[in-house]
$ cat protein_1.pdb   # PDB, C-alpha atoms
ATOM      1  CA  MET S   1     -70.279 125.713 -20.257
ATOM      2  CA  ASN S   2     -68.126 127.219 -22.994
ATOM      3  CA  GLU S   3     -64.970 126.565 -20.993
ATOM      4  CA  THR S   4     -65.878 122.903 -20.536
ATOM      5  CA  LEU S   5     -66.656 122.582 -24.233
ATOM      6  CA  GLU S   6     -63.258 124.020 -25.111
ATOM      7  CA  ARG S   7     -61.591 121.590 -22.728
ATOM      8  CA  LEU S   8     -63.315 118.726 -24.538
ATOM      9  CA  ARG S   9     -62.158 120.164 -27.848
ATOM     10  CA  ALA S  10     -58.573 120.302 -26.573
ATOM     11  CA  ALA S  11     -58.822 116.711 -25.310
ATOM     12  CA  SER S  12     -60.148 115.437 -28.694
ATOM     13  CA  VAL S  13     -61.027 112.059 -27.161
ATOM     14  CA  LEU S  14     -63.604 111.547 -24.404
ATOM     15  CA  ALA S  15     -63.252 108.206 -22.620
ATOM     16  CA  VAL S  16     -66.658 106.714 -21.765
ATOM     17  CA  LEU S  17     -66.258 104.289 -18.853
ATOM     18  CA  ARG S  18     -68.651 101.471 -18.011
ATOM     19  CA  THR S  19     -67.221  99.340 -15.223
ATOM     20  CA  PRO S  20     -68.485  96.857 -12.613
ATOM     21  CA  ASP S  21     -68.019  99.227  -9.659
ATOM     22  CA  ALA S  22     -66.839 102.654  -8.580
ATOM     23  CA  GLY S  23     -63.378 101.478  -7.568
ATOM     24  CA  SER S  24     -62.570  99.993 -10.953
ATOM     25  CA  ALA S  25     -63.982 103.090 -12.665
ATOM     26  CA  VAL S  26     -61.570 105.352 -10.795
ATOM     27  CA  ARG S  27     -58.638 102.998 -11.366
ATOM     28  CA  ALA S  28     -59.455 102.758 -15.090
ATOM     29  CA  ALA S  29     -59.712 106.545 -15.311
ATOM     30  CA  GLU S  30     -56.282 106.910 -13.704
ATOM     31  CA  ALA S  31     -54.791 104.405 -16.151
ATOM     32  CA  LEU S  32     -56.294 106.199 -19.154
ATOM     33  CA  VAL S  33     -55.083 109.584 -17.929
ATOM     34  CA  ALA S  34     -51.590 108.101 -17.558
ATOM     35  CA  GLY S  35     -51.878 107.282 -21.271
ATOM     36  CA  GLY S  36     -52.757 110.851 -22.208
ATOM     37  CA  VAL S  37     -56.567 110.977 -21.982
ATOM     38  CA  ARG S  38     -57.802 114.322 -20.659
ATOM     39  CA  ALA S  39     -61.592 113.870 -20.658
ATOM     40  CA  ILE S  40     -63.469 111.178 -18.736
ATOM     41  CA  GLU S  41     -67.183 110.326 -18.750
ATOM     42  CA  LEU S  42     -68.266 108.050 -15.904
ATOM     43  CA  THR S  43     -71.610 106.482 -16.677
ATOM     44  CA  PHE S  44     -74.573 105.643 -14.489
ATOM     45  CA  THR S  45     -74.507 102.081 -15.761
ATOM     46  CA  THR S  46     -71.699 101.740 -13.196
ATOM     47  CA  PRO S  47     -72.940 100.984  -9.656
ATOM     48  CA  GLY S  48     -71.951 103.839  -7.374
ATOM     49  CA  ALA S  49     -71.379 106.210 -10.296
ATOM     50  CA  GLY S  50     -71.802 109.284  -8.133
ATOM     51  CA  ASP S  51     -69.076 108.096  -5.791
ATOM     52  CA  ALA S  52     -66.853 107.282  -8.771
ATOM     53  CA  ILE S  53     -67.256 110.811 -10.175
ATOM     54  CA  ARG S  54     -66.430 112.390  -6.820
ATOM     55  CA  ARG S  55     -63.365 110.196  -6.321
ATOM     56  CA  ALA S  56     -62.158 110.640  -9.897
ATOM     57  CA  ARG S  57     -62.336 114.417  -9.672
ATOM     58  CA  ALA S  58     -60.273 114.338  -6.495
ATOM     59  CA  ALA S  59     -57.729 111.888  -7.894
ATOM     60  CA  LEU S  60     -57.277 113.288 -11.394
ATOM     61  CA  GLY S  61     -56.945 116.982 -10.633
ATOM     62  CA  ASP S  62     -57.904 120.041 -12.613
ATOM     63  CA  ASP S  63     -56.093 119.022 -15.800
ATOM     64  CA  VAL S  64     -58.740 116.394 -16.549
ATOM     65  CA  VAL S  65     -62.381 117.205 -17.211
ATOM     66  CA  VAL S  66     -64.724 114.665 -15.576
ATOM     67  CA  GLY S  67     -68.402 114.305 -16.392
ATOM     68  CA  ALA S  68     -71.383 112.006 -15.979
ATOM     69  CA  GLY S  69     -72.984 109.907 -18.688
ATOM     70  CA  THR S  70     -75.979 107.679 -19.350
ATOM     71  CA  ILE S  71     -78.132 109.989 -17.226
ATOM     72  CA  ARG S  72     -81.706 108.810 -17.695
ATOM     73  CA  ASP S  73     -83.672 110.373 -14.846
ATOM     74  CA  ARG S  74     -83.702 113.233 -12.368
ATOM     75  CA  ALA S  75     -82.271 111.167  -9.500
ATOM     76  CA  GLN S  76     -79.181 110.368 -11.561
ATOM     77  CA  LEU S  77     -78.874 113.997 -12.596
ATOM     78  CA  ASP S  78     -78.999 115.126  -8.983
ATOM     79  CA  ALA S  79     -76.376 112.541  -8.038
ATOM     80  CA  ALA S  80     -74.117 113.731 -10.870
ATOM     81  CA  LEU S  81     -74.431 117.350  -9.778
ATOM     82  CA  ASP S  82     -73.793 116.504  -6.133
ATOM     83  CA  ALA S  83     -70.646 114.618  -7.173
ATOM     84  CA  GLY S  84     -69.331 117.628  -9.089
ATOM     85  CA  ALA S  85     -69.703 116.382 -12.662
ATOM     86  CA  GLU S  86     -68.436 119.050 -15.052
ATOM     87  CA  PHE S  87     -70.589 117.942 -17.966
ATOM     88  CA  LEU S  88     -73.795 115.925 -18.273
ATOM     89  CA  VAL S  89     -74.585 113.387 -20.994
ATOM     90  CA  THR S  90     -77.787 111.520 -21.830
ATOM     91  CA  PRO S  91     -78.179 108.674 -24.330
ATOM     92  CA  HIS S  92     -81.429 110.203 -25.567
ATOM     93  CA  LEU S  93     -83.302 113.481 -25.893
ATOM     94  CA  ASP S  94     -85.599 113.938 -22.897
ATOM     95  CA  ALA S  95     -87.848 117.009 -23.030
ATOM     96  CA  GLU S  96     -88.226 117.068 -19.236
ATOM     97  CA  LEU S  97     -84.656 116.198 -18.247
ATOM     98  CA  LEU S  98     -82.835 118.554 -20.622
ATOM     99  CA  PRO S  99     -84.147 121.815 -19.073
ATOM    100  CA  ALA S 100     -82.971 120.636 -15.653
ATOM    101  CA  MET S 101     -79.536 119.829 -17.088
ATOM    102  CA  LEU S 102     -79.291 123.272 -18.671
ATOM    103  CA  ALA S 103     -80.490 125.000 -15.507
ATOM    104  CA  SER S 104     -77.585 123.438 -13.595
ATOM    105  CA  GLY S 105     -75.104 125.627 -15.464
ATOM    106  CA  ARG S 106     -73.026 122.588 -16.467
ATOM    107  CA  LEU S 107     -72.382 121.662 -20.076
ATOM    108  CA  ALA S 108     -75.247 119.456 -21.302
ATOM    109  CA  LEU S 109     -74.760 116.927 -24.099
ATOM    110  CA  PRO S 110     -78.199 115.479 -24.871
ATOM    111  CA  GLY S 111     -78.210 112.352 -26.989
ATOM    112  CA  THR S 112     -79.464 112.984 -30.525
ATOM    113  CA  LEU S 113     -79.312 111.299 -33.908
ATOM    114  CA  THR S 114     -81.803 112.839 -36.325
ATOM    115  CA  PRO S 115     -82.065 116.446 -37.537
ATOM    116  CA  THR S 116     -85.412 116.670 -35.734
ATOM    117  CA  GLU S 117     -83.828 115.690 -32.415
ATOM    118  CA  ILE S 118     -80.924 118.083 -32.972
ATOM    119  CA  ALA S 119     -83.306 120.946 -33.728
ATOM    120  CA  ALA S 120     -85.346 120.165 -30.617
ATOM    121  CA  ALA S 121     -82.218 120.136 -28.430
ATOM    122  CA  LEU S 122     -81.062 123.485 -29.808
ATOM    123  CA  ALA S 123     -84.526 125.000 -29.389
ATOM    124  CA  ALA S 124     -84.462 123.946 -25.746
ATOM    125  CA  GLY S 125     -81.205 125.828 -25.259
ATOM    126  CA  ALA S 126     -78.505 123.178 -25.662
ATOM    127  CA  GLU S 127     -75.133 124.513 -26.835
ATOM    128  CA  ALA S 128     -73.871 121.103 -27.933
ATOM    129  CA  VAL S 129     -75.206 117.609 -28.580
ATOM    130  CA  LYS S 130     -74.054 114.033 -28.466
ATOM    131  CA  LEU S 131     -74.485 112.102 -31.735
ATOM    132  CA  PHE S 132     -75.361 108.503 -30.891
ATOM    133  CA  PRO S 133     -74.868 105.822 -32.125
ATOM    134  CA  ALA S 134     -72.320 107.524 -34.363
ATOM    135  CA  SER S 135     -70.775 104.448 -35.981
ATOM    136  CA  ALA S 136     -74.104 103.483 -37.529
ATOM    137  CA  PHE S 137     -73.841 106.477 -39.883
ATOM    138  CA  GLY S 138     -70.198 107.604 -40.037
ATOM    139  CA  PRO S 139     -68.402 110.940 -40.471
ATOM    140  CA  SER S 140     -70.173 111.671 -43.765
ATOM    141  CA  TYR S 141     -73.446 111.855 -41.841
ATOM    142  CA  LEU S 142     -71.988 114.521 -39.549
ATOM    143  CA  LYS S 143     -70.887 116.561 -42.561
ATOM    144  CA  ALA S 144     -74.412 116.348 -43.960
ATOM    145  CA  VAL S 145     -75.964 117.385 -40.635
ATOM    146  CA  LEU S 146     -73.675 120.396 -40.298
ATOM    147  CA  ALA S 147     -74.930 121.823 -43.604
ATOM    148  CA  PRO S 148     -78.343 122.880 -42.199
ATOM    149  CA  PHE S 149     -76.886 123.364 -38.686
ATOM    150  CA  PRO S 150     -73.702 125.423 -39.231
ATOM    151  CA  GLY S 151     -71.758 125.925 -36.056
ATOM    152  CA  LEU S 152     -73.354 122.929 -34.351
ATOM    153  CA  GLN S 153     -71.124 121.542 -31.583
ATOM    154  CA  VAL S 154     -71.202 117.745 -31.784
ATOM    155  CA  VAL S 155     -69.577 114.918 -29.822
ATOM    156  CA  PRO S 156     -70.140 111.682 -31.781
ATOM    157  CA  THR S 157     -70.091 108.558 -29.614
ATOM    158  CA  GLY S 158     -70.551 104.848 -30.123
ATOM    159  CA  GLY S 159     -68.374 102.344 -31.951
ATOM    160  CA  ILE S 160     -65.584 104.789 -32.803
ATOM    161  CA  GLY S 161     -62.232 103.034 -33.067
ATOM    162  CA  PRO S 162     -58.773 104.619 -33.110
ATOM    163  CA  GLY S 163     -58.673 104.606 -36.895
ATOM    164  CA  ASP S 164     -61.903 106.622 -37.043
ATOM    165  CA  VAL S 165     -61.032 109.513 -34.731
ATOM    166  CA  ALA S 166     -59.241 111.689 -37.277
ATOM    167  CA  SER S 167     -62.102 111.348 -39.792
ATOM    168  CA  TRP S 168     -64.685 112.441 -37.237
ATOM    169  CA  LEU S 169     -62.623 115.423 -36.148
ATOM    170  CA  ALA S 170     -62.053 116.406 -39.779
ATOM    171  CA  ALA S 171     -65.809 116.179 -40.360
ATOM    172  CA  GLY S 172     -66.374 118.813 -37.683
ATOM    173  CA  ALA S 173     -66.681 116.978 -34.359
ATOM    174  CA  VAL S 174     -65.675 118.833 -31.193
ATOM    175  CA  ALA S 175     -64.331 115.565 -29.772
ATOM    176  CA  VAL S 176     -65.205 111.886 -30.064
ATOM    177  CA  GLY S 177     -66.548 109.656 -27.321
ATOM    178  CA  ALA S 178     -64.921 106.232 -27.081
ATOM    179  CA  GLY S 179     -66.064 103.409 -24.822
ATOM    180  CA  GLY S 180     -65.150  99.759 -25.205
ATOM    181  CA  GLU S 181     -62.699 100.473 -27.990
ATOM    182  CA  LEU S 182     -60.612 102.669 -25.670
ATOM    183  CA  CYS S 183     -61.362 100.946 -22.363
ATOM    184  CA  PRO S 184     -61.901  97.220 -23.068
ATOM    185  CA  SER S 185     -63.938  95.518 -20.357
ATOM    186  CA  ALA S 186     -61.528  92.556 -20.304
ATOM    187  CA  LEU S 187     -58.603  94.769 -19.276
ATOM    188  CA  VAL S 188     -60.681  96.335 -16.497
ATOM    189  CA  ALA S 189     -61.970  92.959 -15.259
ATOM    190  CA  GLU S 190     -58.428  91.579 -15.106
ATOM    191  CA  GLY S 191     -56.946  94.716 -13.555
ATOM    192  CA  ARG S 192     -54.490  95.143 -16.398
ATOM    193  CA  TRP S 193     -53.992  98.847 -15.796
ATOM    194  CA  ASP S 194     -50.631  99.119 -17.559
ATOM    195  CA  ASP S 195     -52.155  97.547 -20.666
ATOM    196  CA  LEU S 196     -55.027 100.022 -20.441
ATOM    197  CA  THR S 197     -52.540 102.894 -20.295
ATOM    198  CA  GLU S 198     -50.803 101.550 -23.372
ATOM    199  CA  THR S 199     -54.145 101.185 -25.167
ATOM    200  CA  ALA S 200     -54.832 104.863 -24.457
ATOM    201  CA  ARG S 201     -51.427 105.842 -25.847
ATOM    202  CA  ARG S 202     -52.016 103.879 -29.070
ATOM    203  CA  TYR S 203     -55.524 105.277 -29.391
ATOM    204  CA  LEU S 204     -54.419 108.890 -29.054
ATOM    205  CA  ALA S 205     -51.438 108.369 -31.350
ATOM    206  CA  ALA S 206     -53.722 106.983 -34.052
TER     207      ALA S 206
END
$ encode --input "protein_1.pdb" --output "structure tokens"
Amino acid sequence: MNETLERLRAASVLAVLRTPDAGSAVRAAEALVAGGVRAIELTFTTPGAGDAIRRARAALGDDVVVGAGTIRDRAQLDAALDAGAEFLVTPHLDAELLPAMLASGRLALPGTLTPTEIAAALAAGAEAVKLFPASAFGPSYLKAVLAPFPGLQVVPTGGIGPGDVASWLAAGAVAVGAGGELCPSALVAEGRWDDLTETARRYLAA
């Protein structure tokens, strides 16, 4: 778990992919990696997400950390584990699902927002949390949260544009999750993979 967390820290940006199918998810992941992205989260809002995770891991190699997101039930968790997901992300804090995620030995990033949810996740054994929806509160909120939770490992996600990344990292984030801002659905739908690669380059440069 610690190794995966450090790989996310080194990547700085975690691409969160929501696509119409597994094939486009893998192709989008390849395009983003060509632009410098080194962490990919394939979500279960994508049909065939388990297949996408398995194919992405095979295609992208060991230099890219690939995980599963938007896990909302045990069946999705099992599918993510079977596919070889290296980290597991939920949009919410689930008291029954989180122990199963932690028992898997993979890095778990339960979705939290309030201090109460963060405290509950830590008490359950989580080493890190996802802060969602991050853009609704901003980097100053993360700084405030870290005061009573020093050393908290946080990956803020949701509505974070390229101009916001540096502020979140400076506020203490391990890495930031970026979805539609980094991987616009229009580029995926139109198969504009070169444009997606260029978007990733601009995002990381910013």
$ axis_aligned_box --input "protein_1.pdb" --around "range 26-40 of chain S" --padding-each-side "5 Å" --output "lines of an AutoDock Vina configuration file"
center_x = -57.5
center_y = 108.5
center_z = -16.5
size_x = 21.9
size_y = 21.6
size_z = 21.4
$ resolve_selection --input "protein_1.pdb" --expression "the PyMOL selection byres ((chain S and resi 178) around 8)" --output "list in words"
Val13, Leu14, Ala15, Val16, Thr157, Gly158, Gly159, Ile160, Gly161, Val176, Gly177, Gly179, Gly180, Glu181, Leu182 and Cys183 of chain S
$ resolve_selection --input "protein_1.pdb" --expression "the PyMOL selection byres ((chain S and resi 137-152) around 12)" --output "PyMOL selection string"
chain S and resi 109+112-119+121-122+126-136+153-161+164-174+176
$ write_last_selection --input "protein_1.pdb" --atoms "C-alpha atoms" --output "mmCIF file, in the coordinates of the input"
data_model
loop_
_atom_site.group_PDB
_atom_site.id
_atom_site.type_symbol
_atom_site.label_atom_id
_atom_site.label_comp_id
_atom_site.auth_asym_id
_atom_site.auth_seq_id
_atom_site.Cartn_x
_atom_site.Cartn_y
_atom_site.Cartn_z
ATOM 1 C CA LEU S 109 -74.760 116.927 -24.099
ATOM 2 C CA THR S 112 -79.464 112.984 -30.525
ATOM 3 C CA LEU S 113 -79.312 111.299 -33.908
ATOM 4 C CA THR S 114 -81.803 112.839 -36.325
ATOM 5 C CA PRO S 115 -82.065 116.446 -37.537
ATOM 6 C CA THR S 116 -85.412 116.670 -35.734
ATOM 7 C CA GLU S 117 -83.828 115.690 -32.415
ATOM 8 C CA ILE S 118 -80.924 118.083 -32.972
ATOM 9 C CA ALA S 119 -83.306 120.946 -33.728
ATOM 10 C CA ALA S 121 -82.218 120.136 -28.430
ATOM 11 C CA LEU S 122 -81.062 123.485 -29.808
ATOM 12 C CA ALA S 126 -78.505 123.178 -25.662
ATOM 13 C CA GLU S 127 -75.133 124.513 -26.835
ATOM 14 C CA ALA S 128 -73.871 121.103 -27.933
ATOM 15 C CA VAL S 129 -75.206 117.609 -28.580
ATOM 16 C CA LYS S 130 -74.054 114.033 -28.466
ATOM 17 C CA LEU S 131 -74.485 112.102 -31.735
ATOM 18 C CA PHE S 132 -75.361 108.503 -30.891
ATOM 19 C CA PRO S 133 -74.868 105.822 -32.125
ATOM 20 C CA ALA S 134 -72.320 107.524 -34.363
ATOM 21 C CA SER S 135 -70.775 104.448 -35.981
ATOM 22 C CA ALA S 136 -74.104 103.483 -37.529
ATOM 23 C CA GLN S 153 -71.124 121.542 -31.583
ATOM 24 C CA VAL S 154 -71.202 117.745 -31.784
ATOM 25 C CA VAL S 155 -69.577 114.918 -29.822
ATOM 26 C CA PRO S 156 -70.140 111.682 -31.781
ATOM 27 C CA THR S 157 -70.091 108.558 -29.614
ATOM 28 C CA GLY S 158 -70.551 104.848 -30.123
ATOM 29 C CA GLY S 159 -68.374 102.344 -31.951
ATOM 30 C CA ILE S 160 -65.584 104.789 -32.803
ATOM 31 C CA GLY S 161 -62.232 103.034 -33.067
ATOM 32 C CA ASP S 164 -61.903 106.622 -37.043
ATOM 33 C CA VAL S 165 -61.032 109.513 -34.731
ATOM 34 C CA ALA S 166 -59.241 111.689 -37.277
ATOM 35 C CA SER S 167 -62.102 111.348 -39.792
ATOM 36 C CA TRP S 168 -64.685 112.441 -37.237
ATOM 37 C CA LEU S 169 -62.623 115.423 -36.148
ATOM 38 C CA ALA S 170 -62.053 116.406 -39.779
ATOM 39 C CA ALA S 171 -65.809 116.179 -40.360
ATOM 40 C CA GLY S 172 -66.374 118.813 -37.683
ATOM 41 C CA ALA S 173 -66.681 116.978 -34.359
ATOM 42 C CA VAL S 174 -65.675 118.833 -31.193
ATOM 43 C CA VAL S 176 -65.205 111.886 -30.064
#
$ resolve_selection --input "protein_1.pdb" --expression "the PyMOL selection byres ((chain S and resi 68) around 6)" --output "list in words"
Glu41, Leu42, Thr43, Gly67, Gly69, Ala85 and Leu88 of chain S
$ residues_around --input "protein_1.pdb" --residues "Phe87 in chain S" --least-positions-apart "6" --cutoff "10 Å" --atoms "only C-alpha atoms" --output "MDAnalysis selection string"
chainID S and resid 1 4:5 8 40:41 65:69 80:81 101 104:109
$ closest_residue --input "protein_1.pdb" --among "S:Arg74, S:Leu102, S:Pro20, S:Leu93" --to "Glu190 in chain S" --atoms "only C-alpha atoms"
S:Pro20
$ closest_residue --input "protein_1.pdb" --among "S:Val89, S:Leu32, S:Ala52, S:Ala186" --to "Thr70 in chain S" --atoms "all atoms listed in the file"
S:Val89
